[in-house]
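Pasted below: run13.tsv, TSV, N, CA and C atoms and all ligand atoms.
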```
chain	number	residue	atom	x	y	z
A	21	MET	N	-21.08	14.45	2.59
A	21	MET	CA	-22.51	14.54	2.28
A	21	MET	C	-23.05	13.12	1.98
A	22	PRO	N	-24.16	12.74	2.60
A	22	PRO	CA	-24.68	11.38	2.34
A	22	PRO	C	-25.01	11.16	0.86
A	23	LYS	N	-24.72	9.95	0.41
A	23	LYS	CA	-25.07	9.54	-0.96
A	23	LYS	C	-26.27	8.59	-0.87
A	24	VAL	N	-27.22	8.80	-1.76
A	24	VAL	CA	-28.40	7.93	-1.81
A	24	VAL	C	-28.55	7.41	-3.23
A	25	THR	N	-28.85	6.12	-3.35
A	25	THR	CA	-29.11	5.54	-4.66
A	25	THR	C	-30.61	5.29	-4.82
A	26	PHE	N	-31.17	5.90	-5.86
A	26	PHE	CA	-32.56	5.65	-6.23
A	26	PHE	C	-32.54	4.70	-7.42
A	27	ILE	N	-33.29	3.61	-7.32
A	27	ILE	CA	-33.36	2.66	-8.43
A	27	ILE	C	-34.75	2.75	-9.05
A	28	ALA	N	-34.79	3.23	-10.28
A	28	ALA	CA	-36.07	3.36	-10.98
A	28	ALA	C	-36.61	1.97	-11.31
A	29	PHE	N	-37.91	1.92	-11.65
A	29	PHE	CA	-38.51	0.62	-11.94
A	29	PHE	C	-37.82	-0.07	-13.12
A	30	ASN	N	-37.30	0.71	-14.05
A	30	ASN	CA	-36.61	0.12	-15.21
A	30	ASN	C	-35.18	-0.32	-14.89
A	31	GLY	N	-34.79	-0.17	-13.62
A	31	GLY	CA	-33.48	-0.65	-13.20
A	31	GLY	C	-32.39	0.41	-13.23
A	32	GLN	N	-32.72	1.57	-13.76
A	32	GLN	CA	-31.72	2.64	-13.84
A	32	GLN	C	-31.39	3.16	-12.44
A	33	HIS	N	-30.08	3.28	-12.17
A	33	HIS	CA	-29.63	3.78	-10.87
A	33	HIS	C	-29.35	5.28	-10.96
A	34	HIS	N	-29.80	6.01	-9.96
A	34	HIS	CA	-29.49	7.44	-9.86
A	34	HIS	C	-28.85	7.66	-8.50
A	35	VAL	N	-27.58	8.01	-8.51
A	35	VAL	CA	-26.87	8.24	-7.24
A	35	VAL	C	-26.77	9.74	-7.03
A	36	VAL	N	-27.28	10.21	-5.90
A	36	VAL	CA	-27.27	11.65	-5.65
A	36	VAL	C	-26.63	11.95	-4.29
A	37	ASP	N	-25.97	13.09	-4.22
A	37	ASP	CA	-25.44	13.60	-2.96
A	37	ASP	C	-26.53	14.43	-2.32
A	38	VAL	N	-26.81	14.16	-1.07
A	38	VAL	CA	-27.92	14.83	-0.40
A	38	VAL	C	-27.41	15.60	0.82
A	39	PRO	N	-27.62	16.90	0.85
A	39	PRO	CA	-27.24	17.63	2.06
A	39	PRO	C	-28.03	17.08	3.26
A	40	ALA	N	-27.35	16.79	4.36
A	40	ALA	CA	-28.03	16.24	5.54
A	40	ALA	C	-29.15	17.19	5.95
A	41	GLY	N	-30.28	16.61	6.31
A	41	GLY	CA	-31.42	17.40	6.75
A	41	GLY	C	-32.50	17.51	5.68
A	42	LEU	N	-32.12	17.31	4.43
A	42	LEU	CA	-33.09	17.36	3.34
A	42	LEU	C	-33.91	16.07	3.34
A	43	SER	N	-35.17	16.15	2.91
A	43	SER	CA	-35.94	14.90	2.83
A	43	SER	C	-35.50	14.13	1.59
A	44	LEU	N	-35.74	12.85	1.64
A	44	LEU	CA	-35.41	11.98	0.51
A	44	LEU	C	-36.20	12.41	-0.74
A	45	MET	N	-37.43	12.84	-0.54
A	45	MET	CA	-38.25	13.30	-1.67
A	45	MET	C	-37.63	14.55	-2.29
A	46	ARG	N	-37.25	15.52	-1.46
A	46	ARG	CA	-36.68	16.77	-1.97
A	46	ARG	C	-35.37	16.49	-2.71
A	47	ALA	N	-34.60	15.56	-2.18
A	47	ALA	CA	-33.33	15.21	-2.83
A	47	ALA	C	-33.60	14.66	-4.23
A	48	ALA	N	-34.64	13.84	-4.36
A	48	ALA	CA	-34.98	13.28	-5.67
A	48	ALA	C	-35.43	14.37	-6.63
A	49	ILE	N	-36.29	15.25	-6.16
A	49	ILE	CA	-36.81	16.33	-7.02
A	49	ILE	C	-35.66	17.25	-7.46
A	50	ASP	N	-34.83	17.64	-6.50
A	50	ASP	CA	-33.73	18.57	-6.81
A	50	ASP	C	-32.75	17.98	-7.82
A	51	ASN	N	-32.70	16.66	-7.89
A	51	ASN	CA	-31.76	15.99	-8.80
A	51	ASN	C	-32.45	15.36	-10.01
A	52	ASN	N	-33.71	15.74	-10.23
A	52	ASN	CA	-34.46	15.24	-11.39
A	52	ASN	C	-34.49	13.72	-11.48
A	53	VAL	N	-34.64	13.08	-10.34
A	53	VAL	CA	-34.73	11.62	-10.34
A	53	VAL	C	-36.13	11.24	-10.82
A	54	PRO	N	-36.24	10.48	-11.91
A	54	PRO	CA	-37.57	10.12	-12.39
A	54	PRO	C	-38.24	9.11	-11.44
A	55	GLY	N	-39.57	9.22	-11.32
A	55	GLY	CA	-40.30	8.26	-10.50
A	55	GLY	C	-40.72	8.80	-9.15
A	56	ILE	N	-40.23	9.99	-8.81
A	56	ILE	CA	-40.65	10.64	-7.57
A	56	ILE	C	-41.24	11.99	-7.96
A	57	ASP	N	-42.56	12.15	-7.78
A	57	ASP	CA	-43.19	13.41	-8.19
A	57	ASP	C	-43.33	14.40	-7.04
A	58	GLY	N	-43.65	13.91	-5.86
A	58	GLY	CA	-43.79	14.81	-4.71
A	58	GLY	C	-44.87	15.86	-4.92
A	59	ASP	N	-46.01	15.44	-5.44
A	59	ASP	CA	-47.07	16.38	-5.81
A	59	ASP	C	-47.55	17.27	-4.67
A	60	CYS	N	-47.55	16.77	-3.45
A	60	CYS	CA	-48.09	17.58	-2.33
A	60	CYS	C	-47.01	18.42	-1.67
A	61	GLY	N	-45.81	18.37	-2.18
A	61	GLY	CA	-44.75	19.20	-1.62
A	61	GLY	C	-44.20	18.69	-0.30
A	62	GLY	N	-44.49	17.44	0.01
A	62	GLY	CA	-43.92	16.87	1.23
A	62	GLY	C	-44.86	16.91	2.42
A	63	GLN	N	-46.16	17.10	2.14
A	63	GLN	CA	-47.14	17.21	3.23
A	63	GLN	C	-47.75	15.86	3.62
A	64	CYS	N	-47.21	14.79	3.12
A	64	CYS	CA	-47.71	13.45	3.44
A	64	CYS	C	-49.16	13.30	2.96
A	65	ALA	N	-49.46	13.83	1.79
A	65	ALA	CA	-50.84	13.86	1.32
A	65	ALA	C	-51.02	13.40	-0.12
A	66	CYS	N	-50.04	12.73	-0.71
A	66	CYS	CA	-50.23	12.33	-2.10
A	66	CYS	C	-49.70	10.93	-2.44
A	67	ALA	N	-48.69	10.48	-1.74
A	67	ALA	CA	-48.08	9.17	-1.98
A	67	ALA	C	-47.39	9.06	-3.34
A	68	THR	N	-47.11	10.18	-3.99
A	68	THR	CA	-46.35	10.11	-5.25
A	68	THR	C	-44.84	10.08	-4.99
A	69	CYS	N	-44.48	9.94	-3.73
A	69	CYS	CA	-43.06	9.82	-3.38
A	69	CYS	C	-42.79	8.45	-2.76
A	70	HIS	N	-43.65	7.49	-3.10
A	70	HIS	CA	-43.56	6.14	-2.56
A	70	HIS	C	-42.24	5.47	-2.99
A	71	VAL	N	-41.54	4.94	-2.01
A	71	VAL	CA	-40.31	4.18	-2.31
A	71	VAL	C	-40.29	2.90	-1.49
A	72	PHE	N	-39.49	1.95	-1.95
A	72	PHE	CA	-39.22	0.74	-1.18
A	72	PHE	C	-37.80	0.87	-0.63
A	73	VAL	N	-37.67	0.76	0.67
A	73	VAL	CA	-36.36	0.86	1.30
A	73	VAL	C	-35.69	-0.52	1.24
A	74	ALA	N	-34.44	-0.54	0.77
A	74	ALA	CA	-33.72	-1.81	0.70
A	74	ALA	C	-33.68	-2.45	2.09
A	75	PRO	N	-33.87	-3.78	2.17
A	75	PRO	CA	-34.03	-4.44	3.46
A	75	PRO	C	-32.90	-4.14	4.45
A	76	GLU	N	-31.69	-4.06	3.95
A	76	GLU	CA	-30.56	-3.83	4.86
A	76	GLU	C	-30.57	-2.43	5.47
A	77	TRP	N	-31.43	-1.57	4.96
A	77	TRP	CA	-31.51	-0.19	5.48
A	77	TRP	C	-32.74	0.04	6.35
A	78	ALA	N	-33.63	-0.91	6.42
A	78	ALA	CA	-34.91	-0.71	7.09
A	78	ALA	C	-34.75	-0.23	8.53
A	79	GLU	N	-33.85	-0.87	9.25
A	79	GLU	CA	-33.69	-0.52	10.67
A	79	GLU	C	-33.18	0.91	10.83
A	80	ARG	N	-32.21	1.29	10.03
A	80	ARG	CA	-31.63	2.64	10.17
A	80	ARG	C	-32.60	3.72	9.71
A	81	VAL	N	-33.42	3.41	8.73
A	81	VAL	CA	-34.40	4.39	8.25
A	81	VAL	C	-35.51	4.57	9.29
A	82	GLY	N	-35.86	3.48	9.97
A	82	GLY	CA	-36.87	3.57	11.03
A	82	GLY	C	-38.27	3.29	10.52
A	83	PRO	N	-39.23	3.27	11.46
A	83	PRO	CA	-40.60	2.91	11.10
A	83	PRO	C	-41.38	4.07	10.48
A	84	ARG	N	-42.52	3.73	9.90
A	84	ARG	CA	-43.42	4.75	9.35
A	84	ARG	C	-44.05	5.54	10.48
A	85	HIS	N	-44.44	6.77	10.17
A	85	HIS	CA	-45.21	7.57	11.12
A	85	HIS	C	-46.70	7.23	10.90
A	86	ALA	N	-47.53	7.59	11.87
A	86	ALA	CA	-48.96	7.26	11.78
A	86	ALA	C	-49.61	7.86	10.53
A	87	ASN	N	-49.34	9.13	10.26
A	87	ASN	CA	-49.93	9.79	9.08
A	87	ASN	C	-49.46	9.12	7.80
A	88	GLU	N	-48.21	8.77	7.80
A	88	GLU	CA	-47.61	8.12	6.63
A	88	GLU	C	-48.27	6.77	6.38
A	89	GLU	N	-48.49	6.07	7.46
A	89	GLU	CA	-49.15	4.75	7.38
A	89	GLU	C	-50.51	4.90	6.71
A	90	GLU	N	-51.26	5.90	7.12
A	90	GLU	CA	-52.59	6.13	6.54
A	90	GLU	C	-52.50	6.44	5.05
A	91	MET	N	-51.56	7.30	4.70
A	91	MET	CA	-51.41	7.70	3.30
A	91	MET	C	-50.97	6.51	2.45
A	92	LEU	N	-50.12	5.70	2.99
A	92	LEU	CA	-49.61	4.54	2.23
A	92	LEU	C	-50.72	3.54	1.92
A	93	ASN	N	-51.78	3.58	2.71
A	93	ASN	CA	-52.90	2.68	2.42
A	93	ASN	C	-53.53	2.97	1.07
A	94	PHE	N	-53.28	4.17	0.55
A	94	PHE	CA	-53.81	4.54	-0.77
A	94	PHE	C	-52.80	4.23	-1.88
A	95	ALA	N	-51.61	3.83	-1.51
A	95	ALA	CA	-50.56	3.60	-2.51
A	95	ALA	C	-50.73	2.22	-3.14
A	96	ALA	N	-50.46	2.17	-4.43
A	96	ALA	CA	-50.44	0.87	-5.11
A	96	ALA	C	-49.16	0.15	-4.73
A	97	GLU	N	-49.18	-1.15	-4.82
A	97	GLU	CA	-47.97	-1.96	-4.61
A	97	GLU	C	-47.38	-1.81	-3.20
A	98	LEU	N	-48.24	-1.68	-2.21
A	98	LEU	CA	-47.77	-1.53	-0.84
A	98	LEU	C	-46.99	-2.77	-0.39
A	99	ARG	N	-45.83	-2.53	0.20
A	99	ARG	CA	-45.01	-3.61	0.73
A	99	ARG	C	-44.58	-3.26	2.16
A	100	ASP	N	-44.01	-4.24	2.86
A	100	ASP	CA	-43.49	-3.97	4.20
A	100	ASP	C	-42.42	-2.89	4.16
A	101	SER	N	-41.69	-2.83	3.05
A	101	SER	CA	-40.59	-1.87	2.94
A	101	SER	C	-41.04	-0.51	2.41
A	102	SER	N	-42.34	-0.33	2.20
A	102	SER	CA	-42.84	0.93	1.64
A	102	SER	C	-42.67	2.08	2.62
A	103	ARG	N	-42.21	3.22	2.09
A	103	ARG	CA	-42.14	4.46	2.86
A	103	ARG	C	-42.47	5.61	1.92
A	104	LEU	N	-42.84	6.73	2.51
A	104	LEU	CA	-42.99	7.95	1.73
A	104	LEU	C	-41.69	8.73	1.86
A	105	ALA	N	-41.08	9.02	0.72
A	105	ALA	CA	-39.75	9.63	0.74
A	105	ALA	C	-39.75	11.01	1.40
A	106	CYS	N	-40.91	11.68	1.39
A	106	CYS	CA	-40.95	13.01	2.02
A	106	CYS	C	-40.89	12.92	3.53
A	107	GLN	N	-41.10	11.74	4.06
A	107	GLN	CA	-41.10	11.57	5.51
A	107	GLN	C	-39.78	10.99	6.03
A	108	ILE	N	-38.79	10.93	5.16
A	108	ILE	CA	-37.48	10.41	5.57
A	108	ILE	C	-36.44	11.52	5.46
A	109	PRO	N	-36.04	12.10	6.59
A	109	PRO	CA	-34.97	13.08	6.54
A	109	PRO	C	-33.63	12.36	6.34
A	110	VAL	N	-32.85	12.84	5.42
A	110	VAL	CA	-31.55	12.20	5.17
A	110	VAL	C	-30.55	12.72	6.19
A	111	THR	N	-29.90	11.79	6.85
A	111	THR	CA	-28.87	12.14	7.83
A	111	THR	C	-27.57	11.46	7.42
A	112	ASP	N	-26.48	11.82	8.09
A	112	ASP	CA	-25.20	11.18	7.79
A	112	ASP	C	-25.28	9.67	7.99
A	113	ALA	N	-26.13	9.24	8.92
A	113	ALA	CA	-26.27	7.81	9.20
A	113	ALA	C	-26.88	7.06	8.01
A	114	LEU	N	-27.47	7.80	7.08
A	114	LEU	CA	-28.10	7.15	5.92
A	114	LEU	C	-27.21	7.21	4.68
A	115	ASP	N	-25.93	7.54	4.88
A	115	ASP	CA	-24.99	7.56	3.76
A	115	ASP	C	-24.92	6.16	3.13
A	116	GLY	N	-25.25	6.05	1.86
A	116	GLY	CA	-25.24	4.76	1.17
A	116	GLY	C	-26.63	4.15	1.00
A	117	LEU	N	-27.63	4.85	1.52
A	117	LEU	CA	-29.02	4.34	1.45
A	117	LEU	C	-29.42	3.99	0.02
A	118	VAL	N	-30.17	2.91	-0.10
A	118	VAL	CA	-30.68	2.47	-1.41
A	118	VAL	C	-32.20	2.33	-1.31
A	119	VAL	N	-32.90	3.00	-2.21
A	119	VAL	CA	-34.35	2.84	-2.30
A	119	VAL	C	-34.72	2.58	-3.75
A	120	SER	N	-35.87	1.96	-3.96
A	120	SER	CA	-36.33	1.74	-5.33
A	120	SER	C	-37.78	2.22	-5.45
A	121	MET	N	-38.20	2.42	-6.67
A	121	MET	CA	-39.51	2.96	-6.91
A	121	MET	C	-40.45	1.89	-7.49
A	122	PRO	N	-41.74	1.98	-7.16
A	122	PRO	CA	-42.70	1.00	-7.68
A	122	PRO	C	-43.00	1.18	-9.16
A	123	GLU	N	-43.57	0.15	-9.74
A	123	GLU	CA	-43.85	0.15	-11.18
A	123	GLU	C	-44.73	1.33	-11.60
A	124	GLY	N	-45.66	1.68	-10.75
A	124	GLY	CA	-46.60	2.76	-11.10
A	124	GLY	C	-45.94	4.13	-11.21
A	125	GLN	N	-44.72	4.26	-10.75
A	125	GLN	CA	-44.04	5.56	-10.76
A	125	GLN	C	-42.85	5.56	-11.72
A	126	HIS	N	-43.15	5.40	-12.98
A	126	HIS	CA	-42.04	5.49	-13.94
A	126	HIS	C	-42.47	6.26	-15.17
A	201	LIG	FE1	-46.75	13.88	-1.12
A	201	LIG	FE2	-44.68	12.62	-0.04
A	201	LIG	S1	-44.63	14.24	-1.40
A	201	LIG	S2	-46.77	12.23	0.28
```

Is it possible to give me this structure as structure tokens?
Amino acid sequence: MPKVTFIAFNGQHHVVDVPAGLSLMRAAIDNNVPGIDGDCGGQCACATCHVFVAPEWAERVGPRHANEEEMLNFAAELRDSSRLACQIPVTDALDGLVVSMPEGQH
């Protein structure tokens, strides 16, 4: 099962096992990871699942979708590495993925 590390703004690491196919947002919610609220339930409509993908993972995670790009324009602290966790399905290829959360989500 892929392992994902969520790094909260305060530096706390949360390592969770994620069943392949689950979204990164759902994995965070199911494991009570602080900093990911997922208010819209994964509909790409709230940006409360904003994460920064560690640079070494950017290529494997892939680019943003058009809807995601639009939603991220409303997110604070937008960076090149910004993604919405609900739009990232976790696959075996993402075993070891590291993401961090912005200051506004703690
Ligand atoms: Fe709302 Fe991701 S959960 S945009």

Quick one: axis-aligned box around all listed atoms of ligand LIG 201 (chain A), 5 Å on every side, centre and edge lengths in Å to one decimal, written as AutoDock Vina command-line options.
```
--center_x -45.7 --center_y 13.2 --center_z -0.6 --size_x 12.1 --size_y 12.0 --size_z 11.7
```

Residues of chain A at most 6.5 Å from ligand LIG 201 (chain A): nearest atom pair and distance in Å, only N, CA and C atoms and all ligand atoms, as CSV:
```
residue,atom,partner,partner_atom,distance
A:Met45,CA,A:LIG201,S1,6.5
A:Asp57,C,A:LIG201,S1,5.8
A:Gly58,CA,A:LIG201,S1,3.5
A:Asp59,N,A:LIG201,S1,4.4
A:Cys60,N,A:LIG201,FE1,3.8
A:Gly61,N,A:LIG201,S1,4.4
A:Gly62,N,A:LIG201,S1,3.5
A:Gln63,N,A:LIG201,FE1,4.6
A:Cys64,CA,A:LIG201,S2,3.5
A:Ala65,N,A:LIG201,S2,3.5
A:Cys66,N,A:LIG201,S2,3.5
A:Ala67,N,A:LIG201,S2,3.3
A:Thr68,N,A:LIG201,FE1,4.7
A:Cys69,N,A:LIG201,FE2,4.6
A:His70,N,A:LIG201,FE2,6.1
A:Leu104,C,A:LIG201,FE2,5.3
A:Ala105,N,A:LIG201,FE2,5.1
A:Cys106,N,A:LIG201,FE2,4.1
A:Gln107,N,A:LIG201,FE2,5.5
```

Please tell me which residues are no farther than 6 Å from (-29.6, 6.2, 7.5) in the file, counting only N, CA and C atoms, and write them as an MDAnalysis selection string. chainID A and resid 80:81 111:115

Write to file, as a PDB file, keeping the file's coordinate frame, the residues of the selection just made, with N, CA and C atoms.
```pdb
ATOM      1  N   ARG A  80     -32.210   1.290  10.030  1.00  0.00           N
ATOM      2  CA  ARG A  80     -31.630   2.640  10.170  1.00  0.00           C
ATOM      3  C   ARG A  80     -32.600   3.720   9.710  1.00  0.00           C
ATOM      4  N   VAL A  81     -33.420   3.410   8.730  1.00  0.00           N
ATOM      5  CA  VAL A  81     -34.400   4.390   8.250  1.00  0.00           C
ATOM      6  C   VAL A  81     -35.510   4.570   9.290  1.00  0.00           C
ATOM      7  N   THR A 111     -29.900  11.790   6.850  1.00  0.00           N
ATOM      8  CA  THR A 111     -28.870  12.140   7.830  1.00  0.00           C
ATOM      9  C   THR A 111     -27.570  11.460   7.420  1.00  0.00           C
ATOM     10  N   ASP A 112     -26.480  11.820   8.090  1.00  0.00           N
ATOM     11  CA  ASP A 112     -25.200  11.180   7.790  1.00  0.00           C
ATOM     12  C   ASP A 112     -25.280   9.670   7.990  1.00  0.00           C
ATOM     13  N   ALA A 113     -26.130   9.240   8.920  1.00  0.00           N
ATOM     14  CA  ALA A 113     -26.270   7.810   9.200  1.00  0.00           C
ATOM     15  C   ALA A 113     -26.880   7.060   8.010  1.00  0.00           C
ATOM     16  N   LEU A 114     -27.470   7.800   7.080  1.00  0.00           N
ATOM     17  CA  LEU A 114     -28.100   7.150   5.920  1.00  0.00           C
ATOM     18  C   LEU A 114     -27.210   7.210   4.680  1.00  0.00           C
ATOM     19  N   ASP A 115     -25.930   7.540   4.880  1.00  0.00           N
ATOM     20  CA  ASP A 115     -24.990   7.560   3.760  1.00  0.00           C
ATOM     21  C   ASP A 115     -24.920   6.160   3.130  1.00  0.00           C
TER      22      ASP A 115
END
```

Which residues are near Arg84 (chain A)? Cut-off 10 Å, only C-alpha atoms, ignore same chain within fewer than 3 positions. Put them as a PyMOL selection string. chain A and resi 81+87-90+92+101-104+107-108

Mind checking DSSP for region 51-118 of chain A and telling me the alpha helix (DSSP H) residues as an NGL selection string? :A and (78-81 or 86-92)

Would you kindly place N, CA, C and O atoms on region 78-104 of chain A and return the model as a CSV table (one decimal), in the frame of the given file?
```
chain,number,residue,atom,x,y,z
A,78,ALA,N,-33.6,-0.9,6.4
A,78,ALA,CA,-34.9,-0.7,7.1
A,78,ALA,C,-34.8,-0.2,8.5
A,78,ALA,O,-35.4,0.7,9.0
A,79,GLU,N,-33.8,-0.9,9.2
A,79,GLU,CA,-33.7,-0.5,10.7
A,79,GLU,C,-33.2,0.9,10.8
A,79,GLU,O,-33.7,1.7,11.7
A,80,ARG,N,-32.2,1.3,10.0
A,80,ARG,CA,-31.6,2.6,10.2
A,80,ARG,C,-32.6,3.7,9.7
A,80,ARG,O,-32.6,4.8,10.2
A,81,VAL,N,-33.4,3.4,8.7
A,81,VAL,CA,-34.4,4.4,8.2
A,81,VAL,C,-35.5,4.6,9.3
A,81,VAL,O,-36.0,5.7,9.5
A,82,GLY,N,-35.9,3.5,10.0
A,82,GLY,CA,-36.9,3.6,11.0
A,82,GLY,C,-38.3,3.3,10.5
A,82,GLY,O,-38.5,3.1,9.3
A,83,PRO,N,-39.2,3.3,11.5
A,83,PRO,CA,-40.6,2.9,11.1
A,83,PRO,C,-41.4,4.1,10.5
A,83,PRO,O,-41.0,5.2,10.6
A,84,ARG,N,-42.5,3.7,9.9
A,84,ARG,CA,-43.4,4.8,9.4
A,84,ARG,C,-44.0,5.5,10.5
A,84,ARG,O,-44.3,5.0,11.6
A,85,HIS,N,-44.4,6.8,10.2
A,85,HIS,CA,-45.2,7.6,11.1
A,85,HIS,C,-46.7,7.2,10.9
A,85,HIS,O,-47.1,6.7,9.9
A,86,ALA,N,-47.5,7.6,11.9
A,86,ALA,CA,-49.0,7.3,11.8
A,86,ALA,C,-49.6,7.9,10.5
A,86,ALA,O,-50.3,7.2,9.8
A,87,ASN,N,-49.3,9.1,10.3
A,87,ASN,CA,-49.9,9.8,9.1
A,87,ASN,C,-49.5,9.1,7.8
A,87,ASN,O,-50.2,9.0,6.8
A,88,GLU,N,-48.2,8.8,7.8
A,88,GLU,CA,-47.6,8.1,6.6
A,88,GLU,C,-48.3,6.8,6.4
A,88,GLU,O,-48.6,6.4,5.2
A,89,GLU,N,-48.5,6.1,7.5
A,89,GLU,CA,-49.2,4.8,7.4
A,89,GLU,C,-50.5,4.9,6.7
A,89,GLU,O,-50.9,4.1,5.8
A,90,GLU,N,-51.3,5.9,7.1
A,90,GLU,CA,-52.6,6.1,6.5
A,90,GLU,C,-52.5,6.4,5.0
A,90,GLU,O,-53.3,5.9,4.2
A,91,MET,N,-51.6,7.3,4.7
A,91,MET,CA,-51.4,7.7,3.3
A,91,MET,C,-51.0,6.5,2.4
A,91,MET,O,-51.4,6.3,1.3
A,92,LEU,N,-50.1,5.7,3.0
A,92,LEU,CA,-49.6,4.5,2.2
A,92,LEU,C,-50.7,3.5,1.9
A,92,LEU,O,-50.6,2.8,1.0
A,93,ASN,N,-51.8,3.6,2.7
A,93,ASN,CA,-52.9,2.7,2.4
A,93,ASN,C,-53.5,3.0,1.1
A,93,ASN,O,-54.2,2.1,0.5
A,94,PHE,N,-53.3,4.2,0.6
A,94,PHE,CA,-53.8,4.5,-0.8
A,94,PHE,C,-52.8,4.2,-1.9
A,94,PHE,O,-53.1,4.4,-3.1
A,95,ALA,N,-51.6,3.8,-1.5
A,95,ALA,CA,-50.6,3.6,-2.5
A,95,ALA,C,-50.7,2.2,-3.1
A,95,ALA,O,-51.1,1.3,-2.5
A,96,ALA,N,-50.5,2.2,-4.4
A,96,ALA,CA,-50.4,0.9,-5.1
A,96,ALA,C,-49.2,0.2,-4.7
A,96,ALA,O,-48.2,0.8,-4.3
A,97,GLU,N,-49.2,-1.2,-4.8
A,97,GLU,CA,-48.0,-2.0,-4.6
A,97,GLU,C,-47.4,-1.8,-3.2
A,97,GLU,O,-46.2,-1.8,-3.0
A,98,LEU,N,-48.2,-1.7,-2.2
A,98,LEU,CA,-47.8,-1.5,-0.8
A,98,LEU,C,-47.0,-2.8,-0.4
A,98,LEU,O,-47.4,-3.9,-0.6
A,99,ARG,N,-45.8,-2.5,0.2
A,99,ARG,CA,-45.0,-3.6,0.7
A,99,ARG,C,-44.6,-3.3,2.2
A,99,ARG,O,-44.7,-2.1,2.6
A,100,ASP,N,-44.0,-4.2,2.9
A,100,ASP,CA,-43.5,-4.0,4.2
A,100,ASP,C,-42.4,-2.9,4.2
A,100,ASP,O,-42.2,-2.1,5.1
A,101,SER,N,-41.7,-2.8,3.0
A,101,SER,CA,-40.6,-1.9,2.9
A,101,SER,C,-41.0,-0.5,2.4
A,101,SER,O,-40.2,0.4,2.2
A,102,SER,N,-42.3,-0.3,2.2
A,102,SER,CA,-42.8,0.9,1.6
A,102,SER,C,-42.7,2.1,2.6
A,102,SER,O,-43.0,2.0,3.8
A,103,ARG,N,-42.2,3.2,2.1
A,103,ARG,CA,-42.1,4.5,2.9
A,103,ARG,C,-42.5,5.6,1.9
A,103,ARG,O,-42.4,5.5,0.7
A,104,LEU,N,-42.8,6.7,2.5
A,104,LEU,CA,-43.0,8.0,1.7
A,104,LEU,C,-41.7,8.7,1.9
A,104,LEU,O,-41.3,9.1,3.0
```
